[in-house]
file entry06.cif (mmCIF, C-alpha atoms)
data_upload
#
loop_
_atom_site.label_atom_id
_atom_site.label_comp_id
_atom_site.auth_asym_id
_atom_site.auth_seq_id
_atom_site.Cartn_x
_atom_site.Cartn_y
_atom_site.Cartn_z
CA MET V 1 -127.48 58.49 55.78
CA ILE V 2 -124.31 56.58 55.03
CA GLY V 3 -120.70 56.99 56.10
CA TYR V 4 -118.10 55.74 58.57
CA PHE V 5 -118.48 56.27 62.31
CA GLU V 6 -115.28 58.34 62.39
CA ASP V 7 -116.79 60.95 60.04
CA ILE V 8 -119.97 61.50 62.06
CA ALA V 9 -120.36 64.06 64.87
CA VAL V 10 -123.09 64.72 67.42
CA GLY V 11 -125.40 67.36 65.97
CA ASP V 12 -124.91 66.25 62.36
CA ARG V 13 -128.23 66.69 60.61
CA CYS V 14 -129.47 65.23 57.35
CA GLU V 15 -132.56 66.32 55.41
CA LEU V 16 -133.92 63.01 54.14
CA GLY V 17 -136.65 64.17 51.77
CA SER V 18 -140.37 64.89 51.72
CA PHE V 19 -143.53 62.82 51.37
CA THR V 20 -146.96 64.18 50.39
CA PHE V 21 -149.99 62.44 51.87
CA THR V 22 -152.77 62.34 49.28
CA ALA V 23 -156.34 61.42 50.20
CA GLU V 24 -155.98 58.35 47.99
CA GLY V 25 -152.73 57.25 49.66
CA ILE V 26 -154.15 57.81 53.16
CA LYS V 27 -157.21 55.67 52.41
CA LYS V 28 -155.16 52.95 50.75
CA PHE V 29 -152.81 52.54 53.71
CA ALA V 30 -155.71 52.71 56.17
CA GLY V 31 -157.70 50.12 54.23
CA GLN V 32 -154.80 47.70 54.59
CA PHE V 33 -153.49 48.45 58.07
CA ASP V 34 -155.54 50.94 60.11
CA PRO V 35 -159.22 50.89 59.04
CA GLN V 36 -160.48 53.52 61.48
CA ARG V 37 -163.17 55.79 60.07
CA PHE V 38 -161.20 59.07 60.27
CA HIS V 39 -158.48 57.44 58.12
CA LEU V 40 -160.95 56.15 55.50
CA ASP V 41 -163.51 58.89 54.85
CA GLU V 42 -163.26 62.69 54.48
CA GLU V 43 -166.56 63.41 56.22
CA GLU V 44 -165.74 61.12 59.15
CA GLY V 45 -162.35 62.83 59.37
CA ARG V 46 -164.00 66.26 59.52
CA LYS V 47 -166.28 65.10 62.33
CA SER V 48 -163.34 63.63 64.30
CA LEU V 49 -161.07 65.52 66.68
CA PHE V 50 -158.50 65.66 63.84
CA GLY V 51 -160.74 67.89 61.70
CA GLY V 52 -160.08 66.17 58.37
CA LEU V 53 -159.06 62.97 56.62
CA THR V 54 -156.03 61.94 58.67
CA ALA V 55 -153.13 59.66 57.83
CA SER V 56 -152.58 56.67 60.11
CA GLY V 57 -149.66 57.35 62.44
CA TRP V 58 -148.06 54.18 61.07
CA HIS V 59 -148.35 55.56 57.56
CA VAL V 60 -146.48 58.69 58.73
CA ALA V 61 -143.78 56.51 60.30
CA SER V 62 -143.56 54.19 57.28
CA ALA V 63 -143.16 57.18 54.95
CA CYS V 64 -140.17 58.28 57.05
CA ILE V 65 -138.51 54.92 56.41
CA ARG V 66 -139.24 55.31 52.71
CA VAL V 67 -137.45 58.65 52.42
CA MET V 68 -134.66 57.33 54.67
CA VAL V 69 -134.05 54.30 52.43
CA ASP V 70 -134.23 56.45 49.29
CA ASP V 71 -131.77 58.94 50.79
CA GLY V 72 -129.31 56.19 51.68
CA GLN V 73 -129.53 54.64 48.20
CA ARG V 74 -129.04 58.07 46.57
CA ARG V 75 -125.99 58.83 48.71
CA ALA V 76 -124.53 55.39 48.04
CA GLU V 77 -124.97 55.90 44.30
CA GLN V 78 -123.34 59.36 44.46
CA ALA V 79 -120.40 57.90 46.40
CA ARG V 80 -120.09 55.08 43.87
CA LEU V 81 -119.97 57.58 41.01
CA ARG V 82 -117.16 59.45 42.81
CA GLY V 83 -115.33 56.15 43.29
CA GLU V 84 -115.60 56.47 47.07
CA PRO V 85 -116.61 53.77 49.56
CA ALA V 86 -120.28 53.89 50.56
CA PRO V 87 -120.45 52.13 53.93
CA SER V 88 -124.07 51.40 54.66
CA TRP V 89 -125.43 51.45 58.18
CA GLY V 90 -126.61 48.34 59.95
CA PRO V 91 -130.27 47.44 60.27
CA SER V 92 -132.10 49.00 63.19
CA ALA V 93 -133.25 46.70 65.97
CA GLY V 94 -135.98 49.01 67.16
CA PHE V 95 -137.10 52.51 68.02
CA ARG V 96 -137.89 54.48 71.12
CA ALA V 97 -140.13 57.33 72.14
CA LEU V 98 -142.23 57.59 69.01
CA ARG V 99 -144.60 60.53 69.34
CA TRP V 100 -147.32 61.66 66.94
CA ILE V 101 -147.43 65.34 67.78
CA LYS V 102 -149.69 66.80 65.07
CA PRO V 103 -152.15 64.96 62.86
CA VAL V 104 -151.15 64.64 59.19
CA LEU V 105 -154.10 65.58 56.99
CA ALA V 106 -154.76 64.93 53.30
CA GLY V 107 -152.60 67.33 51.26
CA ASP V 108 -149.92 67.76 53.93
CA THR V 109 -146.28 67.40 52.93
CA ILE V 110 -143.93 66.16 55.62
CA ALA V 111 -140.20 66.91 55.44
CA TYR V 112 -138.20 64.28 57.29
CA ALA V 113 -134.77 64.73 58.88
CA SER V 114 -132.34 62.79 61.06
CA GLU V 115 -130.02 64.29 63.66
CA VAL V 116 -127.25 62.52 65.57
CA VAL V 117 -127.90 62.80 69.32
CA THR V 118 -125.19 60.58 70.83
CA ARG V 119 -122.25 58.63 69.49
CA ARG V 120 -120.12 55.89 71.07
CA GLU V 121 -117.89 52.97 70.17
CA SER V 122 -119.30 49.47 70.56
CA LYS V 123 -117.43 47.56 73.28
CA SER V 124 -118.58 44.14 72.16
CA ARG V 125 -118.24 44.73 68.41
CA PRO V 126 -115.15 46.83 67.70
CA GLU V 127 -115.92 47.08 63.97
CA TRP V 128 -119.07 49.10 64.74
CA GLY V 129 -119.98 52.41 66.32
CA ILE V 130 -123.38 53.14 67.82
CA LEU V 131 -125.40 56.28 67.18
CA GLN V 132 -128.59 57.52 68.75
CA VAL V 133 -130.47 59.39 66.04
CA ARG V 134 -133.57 61.54 66.38
CA ASN V 135 -135.84 61.29 63.33
CA THR V 136 -138.42 64.01 62.80
CA GLY V 137 -141.15 64.91 60.33
CA THR V 138 -142.24 68.55 59.97
CA ASN V 139 -145.27 69.74 58.01
CA GLN V 140 -145.43 72.59 55.47
CA ARG V 141 -146.36 75.03 58.28
CA GLY V 142 -143.15 74.20 60.14
CA GLU V 143 -144.96 72.17 62.82
CA LEU V 144 -143.37 69.01 64.18
CA ALA V 145 -145.70 66.10 63.33
CA ILE V 146 -143.69 63.01 64.32
CA SER V 147 -140.53 62.29 66.28
CA PHE V 148 -138.77 59.07 67.24
CA LEU V 149 -135.34 57.89 68.35
CA SER V 150 -133.39 55.09 66.79
CA THR V 151 -130.23 53.24 67.70
CA VAL V 152 -128.07 52.64 64.66
CA PHE V 153 -124.95 50.54 64.17
CA VAL V 154 -122.47 52.31 61.87
CA PRO V 155 -119.34 50.68 60.45
CA ARG V 156 -115.95 51.96 61.65
CA ARG V 157 -113.35 53.00 59.10
CA PRO V 158 -111.08 50.03 58.36
CA THR V 159 -107.56 50.65 59.64
CA ALA V 160 -104.95 50.76 56.89
CA MET L 161 -159.72 46.08 73.23
CA ILE L 162 -162.68 48.12 74.43
CA GLY L 163 -164.22 48.72 77.84
CA TYR L 164 -164.34 51.13 80.75
CA PHE L 165 -161.26 51.87 82.84
CA GLU L 166 -163.00 50.52 85.95
CA ASP L 167 -163.30 47.06 84.36
CA ILE L 168 -159.63 46.70 83.43
CA ALA L 169 -156.92 45.24 85.67
CA VAL L 170 -153.14 45.08 85.43
CA GLY L 171 -152.27 41.76 83.80
CA ASP L 172 -155.39 41.64 81.64
CA ARG L 173 -154.40 40.07 78.35
CA CYS L 174 -156.16 40.09 75.03
CA GLU L 175 -155.38 37.92 72.01
CA LEU L 176 -155.89 40.33 69.11
CA GLY L 177 -155.64 38.03 66.13
CA SER L 178 -153.09 36.75 63.63
CA PHE L 179 -151.57 38.04 60.40
CA THR L 180 -149.81 35.89 57.80
CA PHE L 181 -146.98 37.54 55.86
CA THR L 182 -147.06 36.30 52.28
CA ALA L 183 -144.16 36.91 49.88
CA GLU L 184 -146.50 39.06 47.79
CA GLY L 185 -147.61 41.16 50.77
CA ILE L 186 -144.02 41.60 52.00
CA LYS L 187 -142.87 42.85 48.57
CA LYS L 188 -145.88 45.13 48.17
CA PHE L 189 -145.34 46.89 51.50
CA ALA L 190 -141.59 47.13 50.89
CA GLY L 191 -142.09 48.55 47.40
CA GLN L 192 -144.11 51.38 48.90
CA PHE L 193 -142.31 52.06 52.18
CA ASP L 194 -139.09 50.12 52.72
CA PRO L 195 -137.44 49.24 49.40
CA GLN L 196 -134.41 47.41 50.78
CA ARG L 197 -133.30 44.41 48.78
CA PHE L 198 -133.93 41.76 51.46
CA HIS L 199 -137.58 42.96 51.63
CA LEU L 200 -138.05 42.86 47.84
CA ASP L 201 -136.40 39.70 46.53
CA GLU L 202 -136.25 36.09 47.79
CA GLU L 203 -132.66 35.51 46.63
CA GLU L 204 -131.41 38.76 48.19
CA GLY L 205 -133.23 37.79 51.38
CA ARG L 206 -131.52 34.38 51.44
CA LYS L 207 -128.11 36.06 51.04
CA SER L 208 -128.85 38.55 53.86
CA LEU L 209 -128.32 37.98 57.57
CA PHE L 210 -132.08 37.30 57.83
CA GLY L 211 -131.83 34.14 55.70
CA GLY L 212 -134.95 34.72 53.61
CA LEU L 213 -137.41 37.23 52.21
CA THR L 214 -138.09 39.37 55.28
CA ALA L 215 -140.98 41.66 56.12
CA SER L 216 -140.14 45.30 56.84
CA GLY L 217 -140.27 45.94 60.58
CA TRP L 218 -142.83 48.64 59.87
CA HIS L 219 -144.98 46.10 58.06
CA VAL L 220 -144.88 43.90 61.18
CA ALA L 221 -145.87 46.90 63.33
CA SER L 222 -148.60 48.05 60.93
CA ALA L 223 -150.09 44.54 60.85
CA CYS L 224 -150.37 44.72 64.65
CA ILE L 225 -152.46 47.87 64.33
CA ARG L 226 -154.62 46.12 61.74
CA VAL L 227 -155.49 43.20 64.02
CA MET L 228 -155.92 45.63 66.95
CA VAL L 229 -158.44 47.77 65.04
CA ASP L 230 -160.28 44.68 63.78
CA ASP L 231 -160.43 43.29 67.31
CA GLY L 232 -161.86 46.54 68.69
CA GLN L 233 -164.50 46.71 65.96
CA ARG L 234 -165.45 43.05 66.51
CA ARG L 235 -165.80 43.56 70.27
CA ALA L 236 -167.82 46.75 69.77
CA GLU L 237 -170.19 44.94 67.43
CA GLN L 238 -170.60 42.05 69.90
CA ALA L 239 -171.38 44.53 72.70
CA ARG L 240 -173.88 46.32 70.46
CA LEU L 241 -175.66 43.03 69.72
CA ARG L 242 -175.90 42.38 73.47
CA GLY L 243 -177.30 45.89 73.97
CA GLU L 244 -174.30 46.88 76.09
CA PRO L 245 -172.24 50.08 75.87
CA ALA L 246 -169.05 49.73 73.82
CA PRO L 247 -166.74 52.48 75.06
CA SER L 248 -163.90 52.81 72.58
CA TRP L 249 -160.41 53.75 73.68
CA GLY L 250 -158.80 57.05 72.77
CA PRO L 251 -156.26 57.39 70.00
CA SER L 252 -152.67 56.63 70.93
CA ALA L 253 -150.23 59.54 70.98
CA GLY L 254 -147.19 57.36 70.44
CA PHE L 255 -145.34 54.31 71.66
CA ARG L 256 -142.16 53.38 73.42
CA ALA L 257 -139.48 50.75 73.27
CA LEU L 258 -140.34 49.13 69.96
CA ARG L 259 -138.08 46.11 69.45
CA TRP L 260 -137.85 43.81 66.45
CA ILE L 261 -136.59 40.67 68.13
CA LYS L 262 -136.84 38.06 65.37
CA PRO L 263 -137.12 38.62 61.63
CA VAL L 264 -140.51 37.82 60.09
CA LEU L 265 -140.02 35.73 56.94
CA ALA L 266 -142.38 34.96 54.07
CA GLY L 267 -144.93 32.39 55.25
CA ASP L 268 -144.70 33.33 58.93
CA THR L 269 -147.90 33.89 60.89
CA ILE L 270 -147.68 36.34 63.75
CA ALA L 271 -150.18 36.17 66.64
CA TYR L 272 -150.56 39.57 68.30
CA ALA L 273 -151.61 40.23 71.87
CA SER L 274 -151.92 43.18 74.27
CA GLU L 275 -151.34 43.06 78.02
CA VAL L 276 -152.06 45.79 80.55
CA VAL L 277 -148.84 46.72 82.39
CA THR L 278 -149.89 49.74 84.48
CA ARG L 279 -153.16 51.55 85.16
CA ARG L 280 -153.84 54.97 86.68
CA GLU L 281 -156.43 57.73 86.75
CA SER L 282 -155.75 60.87 84.72
CA LYS L 283 -155.30 63.87 87.01
CA SER L 284 -155.90 66.48 84.34
CA ARG L 285 -158.77 64.67 82.57
CA PRO L 286 -161.03 62.99 85.16
CA GLU L 287 -163.19 61.34 82.47
CA TRP L 288 -160.21 59.22 81.34
CA GLY L 289 -157.94 56.58 82.77
CA ILE L 290 -154.46 55.88 81.43
CA LEU L 291 -153.09 52.42 80.67
CA GLN L 292 -149.63 51.29 79.71
CA VAL L 293 -150.05 48.32 77.39
CA ARG L 294 -147.41 45.92 76.07
CA ASN L 295 -148.18 44.78 72.54
CA THR L 296 -146.43 41.66 71.29
CA GLY L 297 -146.26 39.55 68.16
CA THR L 298 -145.26 35.87 68.40
CA ASN L 299 -144.50 33.62 65.45
CA GLN L 300 -145.80 30.10 64.79
CA ARG L 301 -142.75 28.65 66.59
CA GLY L 302 -143.65 30.57 69.76
CA GLU L 303 -140.79 33.06 69.33
CA LEU L 304 -141.36 36.71 70.21
CA ALA L 305 -140.87 38.74 67.02
CA ILE L 306 -141.96 42.27 67.99
CA SER L 307 -142.75 44.11 71.21
CA PHE L 308 -143.70 47.70 71.97
CA LEU L 309 -145.36 49.70 74.71
CA SER L 310 -148.22 52.11 74.20
CA THR L 311 -149.96 54.63 76.41
CA VAL L 312 -153.71 54.47 75.96
CA PHE L 313 -156.49 56.74 77.22
CA VAL L 314 -159.53 54.72 78.28
CA PRO L 315 -162.92 56.24 79.17
CA ARG L 316 -164.11 56.03 82.79
CA ARG L 317 -167.51 54.61 83.55
CA PRO L 318 -170.03 57.46 83.74
CA THR L 319 -171.34 57.92 87.27
CA ALA L 320 -175.08 57.27 87.61
#
call {"tool": "encode", "arguments": {"input": "entry06.cif", "output": "structure tokens"}}
result
Amino acid sequence: MIGYFEDIAVGDRCELGSFTFTAEGIKKFAGQFDPQRFHLDEEEGRKSLFGGLTASGWHVASACIRVMVDDGQRRAEQARLRGEPAPSWGPSAGFRALRWIKPVLAGDTIAYASEVVTRRESKSRPEWGILQVRNTGTNQRGELAISFLSTVFVPRRPTA
Amino acid sequence: MIGYFEDIAVGDRCELGSFTFTAEGIKKFAGQFDPQRFHLDEEEGRKSLFGGLTASGWHVASACIRVMVDDGQRRAEQARLRGEPAPSWGPSAGFRALRWIKPVLAGDTIAYASEVVTRRESKSRPEWGILQVRNTGTNQRGELAISFLSTVFVPRRPTA
């Protein structure tokens, strides 16, 4: 998402894009960062409580950031082509309430979205507004797989 | 960390291990999951507010899981060699209050640790206890770089 604070309302929702978790991708991430057996081997995944080769929860979160960054770069490029300003949002200082609700299995495609939950002006930094955004990932069966909240600094529209 | 609920006390702390963020590793993770310019290019990093090539926050979090999994496997193997039970903890359903406090730059080594913050029995699942654990990552200058809280299910000692 991009845009000035003044143009953003509570409830605004943005479809960020989708990410498909292949068996190869799941194993590659797990081999680097989360080498638990149900993330590394199909048979071990089937025997686990997940019932199949399962993506690391951190892989599912990292893929959300990937589609979020891609979405922002795409919107910035579209704005540039229209000759409009493309104010990019500030870096996030953290996240809250991350929940892995459903396992993500090999072959699943997760559609990520962001929705603005609250919106306020920054008292200490008048050139910024502050949003609370809920980020979600939903699988191809419409089931919520991941949810987390982020606090985002968004530039205010420069006064003329 | 491994072990039965009965053997764990509030304040217990475990050094999990360290992870060094090389320029190559930072760019590789960012290319897959967080392709922002200050994560991909030294010069862009120097020009950014971070002051150098900076690891994605999700890379810093994922590396924590890596050292955590390695630590658990190492402890389980040591217990096995001693002929002791090695009860492994349940999967985490999420985390809270993740904060990136200091940027992690190329060449930084982060030492991760976990500390038990609260401890209670599960009412609905009497075979499990529930811990709140604070996970931290501290750089080679002793500065806290990342912190987050997780809720962990830990098996109770079987009654004789």
call {"tool": "resolve_selection", "arguments": {"input": "entry06.cif", "expression": "the PyMOL selection byres ((chain V and resi 105-108) around 7)", "output": "VMD selection string"}}
result
chain V and resid 20 to 23 52 to 55 103 to 104 109 to 110 139 to 140
call {"tool": "residues_around", "arguments": {"input": "entry06.cif", "residues": "Phe148 in chain V", "least_positions_apart": "5", "cutoff": "7 Å", "atoms": "only C-alpha atoms", "output": "number ranges by chain"}}
result
V: 95-99, 134-136
call {"tool": "residues_around", "arguments": {"input": "entry06.cif", "residues": "Pro158 in chain V", "least_positions_apart": "6", "cutoff": "12 Å", "atoms": "only C-alpha atoms", "output": "MDAnalysis selection string"}}
result
chainID V and resid 4:6 85 87 126:128
call {"tool": "closest_atom_pairs", "arguments": {"input": "entry06.cif", "of": "chain V", "to": "chain L", "cutoff": "8 Å", "atoms": "only C-alpha atoms", "output": "Markdown table"}}
result
| residue | atom | partner | partner_atom | distance |
| --- | --- | --- | --- | --- |
| V:Gln32 | CA | L:Arg226 | CA | 7.3 |
| V:Phe33 | CA | L:Arg226 | CA | 4.5 |
| V:Asp34 | CA | L:Arg226 | CA | 5.2 |
| V:Pro35 | CA | L:Val229 | CA | 6.8 |
| V:Gln36 | CA | L:Val229 | CA | 7.1 |
| V:Trp58 | CA | L:Ser222 | CA | 6.2 |
| V:Ala61 | CA | L:Trp218 | CA | 7.9 |
| V:Ser62 | CA | L:Phe193 | CA | 5.7 |
| V:Ala63 | CA | L:Phe193 | CA | 5.9 |
| V:Ile65 | CA | L:Asp194 | CA | 6.1 |
| V:Arg66 | CA | L:Phe193 | CA | 4.5 |
| V:Val69 | CA | L:Asp194 | CA | 6.6 |
| V:Asp70 | CA | L:Pro195 | CA | 7.9 |
| V:Ala93 | CA | L:Trp260 | CA | 5.5 |
| V:Gly94 | CA | L:Arg259 | CA | 4.3 |
| V:Phe95 | CA | L:Leu258 | CA | 5.1 |
| V:Arg96 | CA | L:Ala257 | CA | 4.6 |
| V:Ala97 | CA | L:Arg256 | CA | 4.6 |
| V:Leu98 | CA | L:Gly254 | CA | 5.2 |
| V:Arg99 | CA | L:Gly254 | CA | 4.2 |
| V:Trp100 | CA | L:Ala253 | CA | 5.4 |
| V:Ile101 | CA | L:Ala253 | CA | 7.2 |
call {"tool": "resolve_selection", "arguments": {"input": "entry06.cif", "expression": "the PyMOL selection byres ((chain L and resi 282) around 12)", "output": "PyMOL selection string"}}
result
chain L and resi 165+279-281+283-291+311-316
call {"tool": "atom_distance", "arguments": {"input": "entry06.cif", "atom1": "CA of Ser248 in chain L", "atom2": "CA of Phe38 in chain V"}}
result
14.1 Å
call {"tool": "atom_distance", "arguments": {"input": "entry06.cif", "atom1": "CA of Gly171 in chain L", "atom2": "CA of Gln292 in chain L"}}
result
10.7 Å
call {"tool": "decode", "arguments": {"input": "entry06.cif", "residues": "range 235-255 of chain L", "atoms": "N, CA and C atoms", "output": "compact mmCIF listing (two decimals), in the first residue's frame"}}
result
# COMPACT_ATOMS: atom_id res chain seq x y z
N ARG L 235 19.79 -30.38 22.60
CA ARG L 235 19.44 -30.81 23.97
C ARG L 235 18.78 -32.18 23.97
N ALA L 236 17.94 -32.44 22.96
CA ALA L 236 17.27 -33.74 22.89
C ALA L 236 18.29 -34.85 22.67
N GLU L 237 19.28 -34.58 21.83
CA GLU L 237 20.32 -35.57 21.57
C GLU L 237 21.16 -35.83 22.82
N GLN L 238 21.49 -34.74 23.55
CA GLN L 238 22.25 -34.91 24.80
C GLN L 238 21.48 -35.74 25.81
N ALA L 239 20.16 -35.49 25.92
CA ALA L 239 19.33 -36.25 26.85
C ALA L 239 19.29 -37.72 26.43
N ARG L 240 19.16 -37.94 25.13
CA ARG L 240 19.11 -39.31 24.61
C ARG L 240 20.41 -40.06 24.96
N LEU L 241 21.54 -39.38 24.82
CA LEU L 241 22.82 -40.02 25.13
C LEU L 241 22.94 -40.34 26.62
N ARG L 242 22.28 -39.54 27.46
CA ARG L 242 22.27 -39.81 28.90
C ARG L 242 21.20 -40.83 29.28
N GLY L 243 20.41 -41.27 28.30
CA GLY L 243 19.32 -42.20 28.58
C GLY L 243 18.14 -41.57 29.30
N GLU L 244 18.01 -40.25 29.17
CA GLU L 244 16.91 -39.54 29.84
C GLU L 244 15.80 -39.22 28.83
N PRO L 245 14.57 -39.01 29.31
CA PRO L 245 13.52 -38.59 28.38
C PRO L 245 13.80 -37.18 27.87
N ALA L 246 13.38 -36.89 26.65
CA ALA L 246 13.61 -35.58 26.05
C ALA L 246 12.28 -35.02 25.55
N PRO L 247 11.41 -34.63 26.49
CA PRO L 247 10.08 -34.17 26.07
C PRO L 247 10.18 -32.89 25.24
N SER L 248 9.70 -32.94 24.03
CA SER L 248 9.79 -31.74 23.19
C SER L 248 8.54 -30.89 23.35
N TRP L 249 8.72 -29.60 23.21
CA TRP L 249 7.63 -28.65 23.42
C TRP L 249 6.72 -28.65 22.21
N GLY L 250 5.48 -28.24 22.44
CA GLY L 250 4.49 -28.20 21.36
C GLY L 250 4.77 -27.07 20.39
N PRO L 251 4.17 -27.15 19.20
CA PRO L 251 4.37 -26.07 18.24
C PRO L 251 3.72 -24.79 18.76
N SER L 252 4.28 -23.67 18.36
CA SER L 252 3.77 -22.37 18.78
C SER L 252 2.63 -21.96 17.85
N ALA L 253 1.59 -21.39 18.42
CA ALA L 253 0.44 -20.96 17.61
C ALA L 253 0.55 -19.50 17.20
N GLY L 254 1.62 -18.84 17.62
CA GLY L 254 1.76 -17.43 17.26
C GLY L 254 2.71 -16.73 18.20
N PHE L 255 2.80 -15.41 18.06
CA PHE L 255 3.62 -14.65 18.99
C PHE L 255 3.01 -13.27 19.15
